[in-house]
Amino acid sequence: METRRLPKIELHLHLEGAMPPGLARALAAEKRIDISRAFDASGGYAFADFAGFLRVYEAAASVLRGPDDYARLTAVVAADLAEQGVIYAEMFIAPEFCGGGDPSAWREHLAAIREAAETAQAQGGPILRGIATAVRHAGRAASRVAAQAAAGTAEDFLVGFGLAGDETAGRPADFAWAFDCAREAGLGLTAHAGEWSGPQAIRDTLAALRPARLGHALSALREPALVDTLAADGIVLELCPGSNIALGAVACWADHPIAALRDAGVAVTVSTDDPPFFGTDMSREFTRLHDTFGWDEPDFRAITETAARAAFCDAATRARILKTLEETG
Ligand code: ADE
Ligand code: ZN
């Protein structure tokens, strides 16, 4: 099946995690930073497990040293998304990396990202929006700083707040203050949960943080009552099968819970997470879903419409996206 031409929406894409290794190497060379251990012999990112992935991710992010670097990255990512037929994407951006946790530096970085996103859009690229994310293993205090930075820049470009990083660090309730702060600022809320932890962690995340969307939530399928709750409450899942398989959270495509969750009435969407790390892109995700579960054009259109309805953008932007989907039907 030719999936490239289908219109797509990504709701779960880490900006730093979307940096091609070539750009990371170029920025490292320009700044004389040695991150050679982050790469394998063929020049790709090198990691053996999730802990290794987080280390390499942070090494790669360390070469992004100012607003101009983030603008360059945004332009490259926007071009890759356009190539994949992505019409709208929400990018996770961590104030911890982007501005080093300093709110005024964050504001400057975000302005540069926004400008690059608008330039790309004006040249026919996708509509891009930002979701500020707290890094879970950076702790509760850092999450408060991230939330305050996000709240101070909540506007039409920055539309959400989320939680990523090592799920085994801390408890969901540790991040409740940050989520309340972001909610108060009108930001849409999402949290990684159930990628590495069990169903109880998903329940705790829902109770403590009250997000509209969850990243991954793979373990929900182990508990039918939780699946029913997700379906009944309209919690939208940002699923990233290629990422889960590359990191070993799921053994193979046939074992991925996306089809079973969808059949159980849960709102599922498809994203790439950190595409150059996992050797994936949106077309590849769609192709593998077609090959594994027999999903076809109507299934992909339904998934994309679910994503449009779950996007954190304003109503006018959502109407534009839905119209584009209709016109490309
Ligand atoms: N940050 C970037 N990718 C991530 C993932 N898959 N899980 C948690 N944190 C992340
Ligand atoms: Zn993620």
# chains A, B, ... in the order shown; residues from 1 in each chain; ligands from 1
$ residues_near_ligand --ligand "ligand 2" --cutoff "10 Å" --atoms "only C-alpha atoms and all ligand atoms" --output "ChimeraX atom specification"
/A:11-14,17,92,133,162-165,191-193,195,214-216,238-240,243-244,271-274
$ write_last_selection --atoms "N, CA, C and O atoms" --output "JSON list (two decimals), in the first residue's frame"
[["chain", "number", "residue", "atom", "x", "y", "z"],
["A", 11, "LEU", "N", 0.78, 13.73, 16.84],
["A", 11, "LEU", "CA", 0.54, 14.40, 18.13],
["A", 11, "LEU", "C", 1.65, 14.11, 19.13],
["A", 11, "LEU", "O", 1.66, 14.69, 20.21],
["A", 12, "HIS", "N", 2.57, 13.21, 18.78],
["A", 12, "HIS", "CA", 3.59, 12.79, 19.75],
["A", 12, "HIS", "C", 4.94, 12.72, 19.05],
["A", 12, "HIS", "O", 5.34, 11.68, 18.52],
["A", 13, "LEU", "N", 5.61, 13.86, 19.04],
["A", 13, "LEU", "CA", 6.89, 13.98, 18.34],
["A", 13, "LEU", "C", 7.80, 14.88, 19.17],
["A", 13, "LEU", "O", 7.53, 16.06, 19.33],
["A", 14, "HIS", "N", 8.87, 14.28, 19.70],
["A", 14, "HIS", "CA", 9.81, 15.08, 20.51],
["A", 14, "HIS", "C", 10.72, 15.86, 19.56],
["A", 14, "HIS", "O", 11.37, 15.24, 18.71],
["A", 17, "GLY", "N", 14.19, 14.83, 19.80],
["A", 17, "GLY", "CA", 14.24, 13.44, 19.35],
["A", 17, "GLY", "C", 14.01, 13.28, 17.85],
["A", 17, "GLY", "O", 14.11, 12.18, 17.33],
["A", 92, "PHE", "N", 6.81, 18.04, 21.05],
["A", 92, "PHE", "CA", 7.20, 18.16, 22.46],
["A", 92, "PHE", "C", 8.53, 18.92, 22.53],
["A", 92, "PHE", "O", 9.49, 18.55, 21.83],
["A", 133, "THR", "N", 7.30, 20.12, 27.63],
["A", 133, "THR", "CA", 7.28, 18.89, 28.43],
["A", 133, "THR", "C", 8.26, 18.97, 29.59],
["A", 133, "THR", "O", 9.39, 19.41, 29.44],
["A", 162, "GLY", "N", 3.20, 18.61, 28.87],
["A", 162, "GLY", "CA", 3.26, 17.15, 29.01],
["A", 162, "GLY", "C", 4.37, 16.70, 29.93],
["A", 162, "GLY", "O", 5.13, 17.51, 30.49],
["A", 163, "LEU", "N", 4.45, 15.39, 30.09],
["A", 163, "LEU", "CA", 5.46, 14.78, 30.95],
["A", 163, "LEU", "C", 6.08, 13.62, 30.18],
["A", 163, "LEU", "O", 5.37, 12.73, 29.72],
["A", 164, "ALA", "N", 7.42, 13.66, 30.04],
["A", 164, "ALA", "CA", 8.14, 12.58, 29.34],
["A", 164, "ALA", "C", 9.30, 12.12, 30.23],
["A", 164, "ALA", "O", 9.41, 12.55, 31.38],
["A", 165, "GLY", "N", 10.15, 11.26, 29.70],
["A", 165, "GLY", "CA", 11.32, 10.83, 30.46],
["A", 165, "GLY", "C", 11.12, 9.49, 31.15],
["A", 165, "GLY", "O", 10.21, 8.73, 30.79],
["A", 191, "ALA", "N", 0.45, 13.03, 29.15],
["A", 191, "ALA", "CA", 1.55, 12.45, 29.95],
["A", 191, "ALA", "C", 1.93, 11.08, 29.39],
["A", 191, "ALA", "O", 1.05, 10.29, 29.03],
["A", 192, "HIS", "N", 3.24, 10.83, 29.35],
["A", 192, "HIS", "CA", 3.71, 9.47, 29.05],
["A", 192, "HIS", "C", 3.35, 8.60, 30.25],
["A", 192, "HIS", "O", 3.66, 8.95, 31.40],
["A", 193, "ALA", "N", 2.71, 7.48, 30.00],
["A", 193, "ALA", "CA", 2.39, 6.53, 31.08],
["A", 193, "ALA", "C", 2.14, 5.17, 30.46],
["A", 193, "ALA", "O", 1.62, 5.07, 29.35],
["A", 195, "GLU", "N", 4.21, 3.09, 29.26],
["A", 195, "GLU", "CA", 5.16, 2.65, 28.23],
["A", 195, "GLU", "C", 6.01, 1.54, 28.86],
["A", 195, "GLU", "O", 6.25, 0.51, 28.26],
["A", 214, "LEU", "N", -2.83, 10.40, 26.64],
["A", 214, "LEU", "CA", -1.72, 9.65, 27.25],
["A", 214, "LEU", "C", -0.75, 9.23, 26.16],
["A", 214, "LEU", "O", -1.17, 8.80, 25.07],
["A", 215, "GLY", "N", 0.55, 9.34, 26.47],
["A", 215, "GLY", "CA", 1.57, 8.81, 25.57],
["A", 215, "GLY", "C", 1.77, 7.33, 25.86],
["A", 215, "GLY", "O", 2.04, 6.96, 27.00],
["A", 216, "HIS", "N", 1.58, 6.49, 24.86],
["A", 216, "HIS", "CA", 1.81, 5.05, 24.89],
["A", 216, "HIS", "C", 0.68, 4.27, 25.60],
["A", 216, "HIS", "O", -0.13, 3.65, 24.92],
["A", 238, "GLU", "N", -1.75, 8.44, 22.36],
["A", 238, "GLU", "CA", -0.73, 8.76, 21.34],
["A", 238, "GLU", "C", 0.15, 7.52, 21.25],
["A", 238, "GLU", "O", 1.03, 7.34, 22.09],
["A", 239, "LEU", "N", -0.14, 6.66, 20.28],
["A", 239, "LEU", "CA", 0.61, 5.41, 20.18],
["A", 239, "LEU", "C", 1.72, 5.55, 19.14],
["A", 239, "LEU", "O", 1.54, 6.20, 18.10],
["A", 240, "CYS", "N", 2.85, 4.93, 19.45],
["A", 240, "CYS", "CA", 4.05, 5.06, 18.61],
["A", 240, "CYS", "C", 4.64, 3.66, 18.45],
["A", 240, "CYS", "O", 5.66, 3.33, 19.08],
["A", 243, "SER", "N", 8.43, 3.04, 17.74],
["A", 243, "SER", "CA", 9.25, 3.37, 18.91],
["A", 243, "SER", "C", 9.21, 2.23, 19.91],
["A", 243, "SER", "O", 10.25, 1.80, 20.43],
["A", 244, "ASN", "N", 8.02, 1.70, 20.19],
["A", 244, "ASN", "CA", 7.87, 0.65, 21.20],
["A", 244, "ASN", "C", 8.64, -0.61, 20.79],
["A", 244, "ASN", "O", 9.22, -1.29, 21.65],
["A", 271, "SER", "N", 1.84, 8.06, 16.01],
["A", 271, "SER", "CA", 2.94, 9.03, 15.88],
["A", 271, "SER", "C", 4.28, 8.29, 15.84],
["A", 271, "SER", "O", 4.31, 7.05, 15.96],
["A", 272, "THR", "N", 5.36, 9.05, 15.72],
["A", 272, "THR", "CA", 6.68, 8.41, 15.58],
["A", 272, "THR", "C", 7.59, 8.56, 16.80],
["A", 272, "THR", "O", 8.64, 7.93, 16.86],
["A", 273, "ASP", "N", 7.25, 9.47, 17.73],
["A", 273, "ASP", "CA", 8.03, 9.66, 18.97],
["A", 273, "ASP", "C", 9.36, 10.36, 18.67],
["A", 273, "ASP", "O", 9.49, 11.56, 18.89],
["A", 274, "ASP", "N", 10.35, 9.60, 18.22],
["A", 274, "ASP", "CA", 11.71, 10.12, 17.96],
["A", 274, "ASP", "C", 12.21, 9.45, 16.68],
["A", 274, "ASP", "O", 13.08, 8.56, 16.74]]
$ residues_around --residues "region 286-299 of chain A" --least-positions-apart "3" --cutoff "9 Å" --atoms "only C-alpha atoms" --output "list in words"
Met1, Glu2, Thr3, Arg4, Leu6, Pro241, Gly242, Trp253, Ala254, Ala259, Val270, Asp281, Met282, Ser283, Ala302, Ile303 and Thr304 of chain A
$ closest_atom_pairs --of "region 29-68 of chain A" --to "region 110-132 of chain A" --cutoff "10 Å" --atoms "only C-alpha atoms" --output "JSON lines"
{"residue": "A:Gly66", "atom": "CA", "partner": "A:Ala112", "partner_atom": "CA", "distance": 9.3}
{"residue": "A:Pro67", "atom": "CA", "partner": "A:Ala112", "partner_atom": "CA", "distance": 5.5}
{"residue": "A:Asp68", "atom": "CA", "partner": "A:Ala112", "partner_atom": "CA", "distance": 6.8}
$ residues_around --residues "Arg301 (chain A)" --least-positions-apart "4" --cutoff "10 Å" --atoms "only C-alpha atoms" --output "NGL selection string"
:A and (6-8 or 296-297 or 305-307 or 325-326 or 329)
$ residues_around --residues "Leu221 (chain A)" --least-positions-apart "6" --cutoff "9 Å" --atoms "only C-alpha atoms" --output "list in words"
Pro199, Val227, Pro257, Ala260 and Leu261 of chain A
$ write_last_selection --atoms "N, CA, C and O atoms" --output "PDB file, in the first residue's frame"
ATOM      1  N   PRO A 199      -0.600  -1.123  34.528  1.00  0.00           N
ATOM      2  CA  PRO A 199      -1.888  -0.409  34.482  1.00  0.00           C
ATOM      3  C   PRO A 199      -2.119   0.519  35.679  1.00  0.00           C
ATOM      4  O   PRO A 199      -2.749   1.565  35.536  1.00  0.00           O
ATOM      5  N   VAL A 227      -9.243  -0.382  30.186  1.00  0.00           N
ATOM      6  CA  VAL A 227      -9.538  -0.128  28.764  1.00  0.00           C
ATOM      7  C   VAL A 227     -10.936   0.495  28.657  1.00  0.00           C
ATOM      8  O   VAL A 227     -11.136   1.478  27.931  1.00  0.00           O
ATOM      9  N   PRO A 257      -0.429  -3.511  20.986  1.00  0.00           N
ATOM     10  CA  PRO A 257      -1.838  -3.448  21.406  1.00  0.00           C
ATOM     11  C   PRO A 257      -2.717  -2.464  20.632  1.00  0.00           C
ATOM     12  O   PRO A 257      -3.912  -2.370  20.902  1.00  0.00           O
ATOM     13  N   ALA A 260      -6.030  -3.926  19.185  1.00  0.00           N
ATOM     14  CA  ALA A 260      -6.966  -4.385  20.217  1.00  0.00           C
ATOM     15  C   ALA A 260      -7.571  -3.202  20.972  1.00  0.00           C
ATOM     16  O   ALA A 260      -8.769  -3.195  21.285  1.00  0.00           O
ATOM     17  N   LEU A 261      -6.759  -2.194  21.240  1.00  0.00           N
ATOM     18  CA  LEU A 261      -7.278  -1.005  21.936  1.00  0.00           C
ATOM     19  C   LEU A 261      -8.322  -0.304  21.064  1.00  0.00           C
ATOM     20  O   LEU A 261      -9.376   0.119  21.537  1.00  0.00           O
TER      21      LEU A 261
END
$ select_by_dssp --residues "region 137-229 of chain A" --states "strand (DSSP E)" --output "PyMOL selection string"
chain A and resi 158-164+188-193+213-216
$ write_last_selection --atoms "C-alpha atoms" --output "CSV table (one decimal), in the first residue's frame"
chain,number,residue,atom,x,y,z
A,158,LEU,CA,2.4,26.7,22.6
A,159,VAL,CA,-0.8,24.7,23.1
A,160,GLY,CA,0.0,22.0,25.6
A,161,PHE,CA,2.0,20.7,28.5
A,162,GLY,CA,3.3,17.2,29.0
A,163,LEU,CA,5.5,14.8,31.0
A,164,ALA,CA,8.1,12.6,29.3
A,188,GLY,CA,-3.9,20.9,26.8
A,189,LEU,CA,-2.4,18.1,28.9
A,190,THR,CA,-0.7,14.8,28.0
A,191,ALA,CA,1.5,12.4,29.9
A,192,HIS,CA,3.7,9.5,29.0
A,193,ALA,CA,2.4,6.5,31.1
A,213,ARG,CA,-4.2,12.3,26.3
A,214,LEU,CA,-1.7,9.7,27.3
A,215,GLY,CA,1.6,8.8,25.6
A,216,HIS,CA,1.8,5.0,24.9
$ closest_residue --among "A:Met91, A:Val268, A:Leu15, A:Leu237" --to "Ala60 (chain A)" --atoms "only C-alpha atoms"
A:Leu15
$ closest_residue --among "A:Trp106, A:Phe47, A:Trp196, A:Tyr88" --to "Cys313 (chain A)" --atoms "only C-alpha atoms"
A:Tyr88
$ closest_residue --among "A:Ala79, A:Ile235, A:Cys98, A:Ala315" --to "Leu64 (chain A)" --atoms "only C-alpha atoms"
A:Cys98
$ closest_residue --among "A:Ala89, A:Leu218, A:Ala185, A:Leu247" --to "ligand 1" --atoms "only C-alpha atoms and all ligand atoms"
A:Leu247
$ select_by_dssp --residues "region 34-66 of chain A" --states "helix (DSSP H, G or I)" --output "PyMOL selection string"
chain A and resi 36-38+50-61
$ write_last_selection --atoms "N, CA and C atoms" --output "PDB file, in the first residue's frame"
ATOM      1  N   SER A  36      30.709  11.711  20.113  1.00  0.00           N
ATOM      2  CA  SER A  36      30.943  10.593  19.185  1.00  0.00           C
ATOM      3  C   SER A  36      30.389   9.274  19.725  1.00  0.00           C
ATOM      4  N   ARG A  37      30.322   9.144  21.062  1.00  0.00           N
ATOM      5  CA  ARG A  37      29.833   7.880  21.640  1.00  0.00           C
ATOM      6  C   ARG A  37      28.335   7.687  21.436  1.00  0.00           C
ATOM      7  N   ALA A  38      27.662   8.761  20.971  1.00  0.00           N
ATOM      8  CA  ALA A  38      26.215   8.640  20.742  1.00  0.00           C
ATOM      9  C   ALA A  38      25.894   7.929  19.430  1.00  0.00           C
ATOM     10  N   PHE A  50      16.276   1.310  26.890  1.00  0.00           N
ATOM     11  CA  PHE A  50      15.642   2.609  27.137  1.00  0.00           C
ATOM     12  C   PHE A  50      16.574   3.556  27.911  1.00  0.00           C
ATOM     13  N   ALA A  51      17.283   3.023  28.900  1.00  0.00           N
ATOM     14  CA  ALA A  51      18.212   3.872  29.671  1.00  0.00           C
ATOM     15  C   ALA A  51      19.289   4.432  28.733  1.00  0.00           C
ATOM     16  N   GLY A  52      19.797   3.570  27.855  1.00  0.00           N
ATOM     17  CA  GLY A  52      20.805   4.015  26.875  1.00  0.00           C
ATOM     18  C   GLY A  52      20.227   5.030  25.916  1.00  0.00           C
ATOM     19  N   PHE A  53      18.986   4.804  25.513  1.00  0.00           N
ATOM     20  CA  PHE A  53      18.309   5.745  24.622  1.00  0.00           C
ATOM     21  C   PHE A  53      18.233   7.133  25.284  1.00  0.00           C
ATOM     22  N   LEU A  54      17.819   7.175  26.556  1.00  0.00           N
ATOM     23  CA  LEU A  54      17.700   8.483  27.235  1.00  0.00           C
ATOM     24  C   LEU A  54      19.059   9.180  27.310  1.00  0.00           C
ATOM     25  N   ARG A  55      20.125   8.401  27.526  1.00  0.00           N
ATOM     26  CA  ARG A  55      21.471   9.003  27.599  1.00  0.00           C
ATOM     27  C   ARG A  55      21.866   9.599  26.245  1.00  0.00           C
ATOM     28  N   VAL A  56      21.639   8.840  25.184  1.00  0.00           N
ATOM     29  CA  VAL A  56      22.017   9.309  23.840  1.00  0.00           C
ATOM     30  C   VAL A  56      21.141  10.511  23.448  1.00  0.00           C
ATOM     31  N   TYR A  57      19.874  10.431  23.807  1.00  0.00           N
ATOM     32  CA  TYR A  57      18.940  11.529  23.531  1.00  0.00           C
ATOM     33  C   TYR A  57      19.468  12.824  24.167  1.00  0.00           C
ATOM     34  N   GLU A  58      19.894  12.714  25.424  1.00  0.00           N
ATOM     35  CA  GLU A  58      20.367  13.909  26.130  1.00  0.00           C
ATOM     36  C   GLU A  58      21.712  14.390  25.582  1.00  0.00           C
ATOM     37  N   ALA A  59      22.536  13.466  25.147  1.00  0.00           N
ATOM     38  CA  ALA A  59      23.809  13.862  24.515  1.00  0.00           C
ATOM     39  C   ALA A  59      23.514  14.630  23.231  1.00  0.00           C
ATOM     40  N   ALA A  60      22.583  14.116  22.438  1.00  0.00           N
ATOM     41  CA  ALA A  60      22.227  14.787  21.176  1.00  0.00           C
ATOM     42  C   ALA A  60      21.632  16.165  21.479  1.00  0.00           C
ATOM     43  N   ALA A  61      20.734  16.221  22.462  1.00  0.00           N
ATOM     44  CA  ALA A  61      20.096  17.510  22.797  1.00  0.00           C
ATOM     45  C   ALA A  61      21.119  18.528  23.290  1.00  0.00           C
TER      46      ALA A  61
END
$ residues_around --residues "Ile245 (chain A)" --least-positions-apart "6" --cutoff "9 Å" --atoms "only C-alpha atoms" --output "list of chain:residue names"
A:Ala251, A:Cys252, A:Trp253, A:His256, A:Phe278
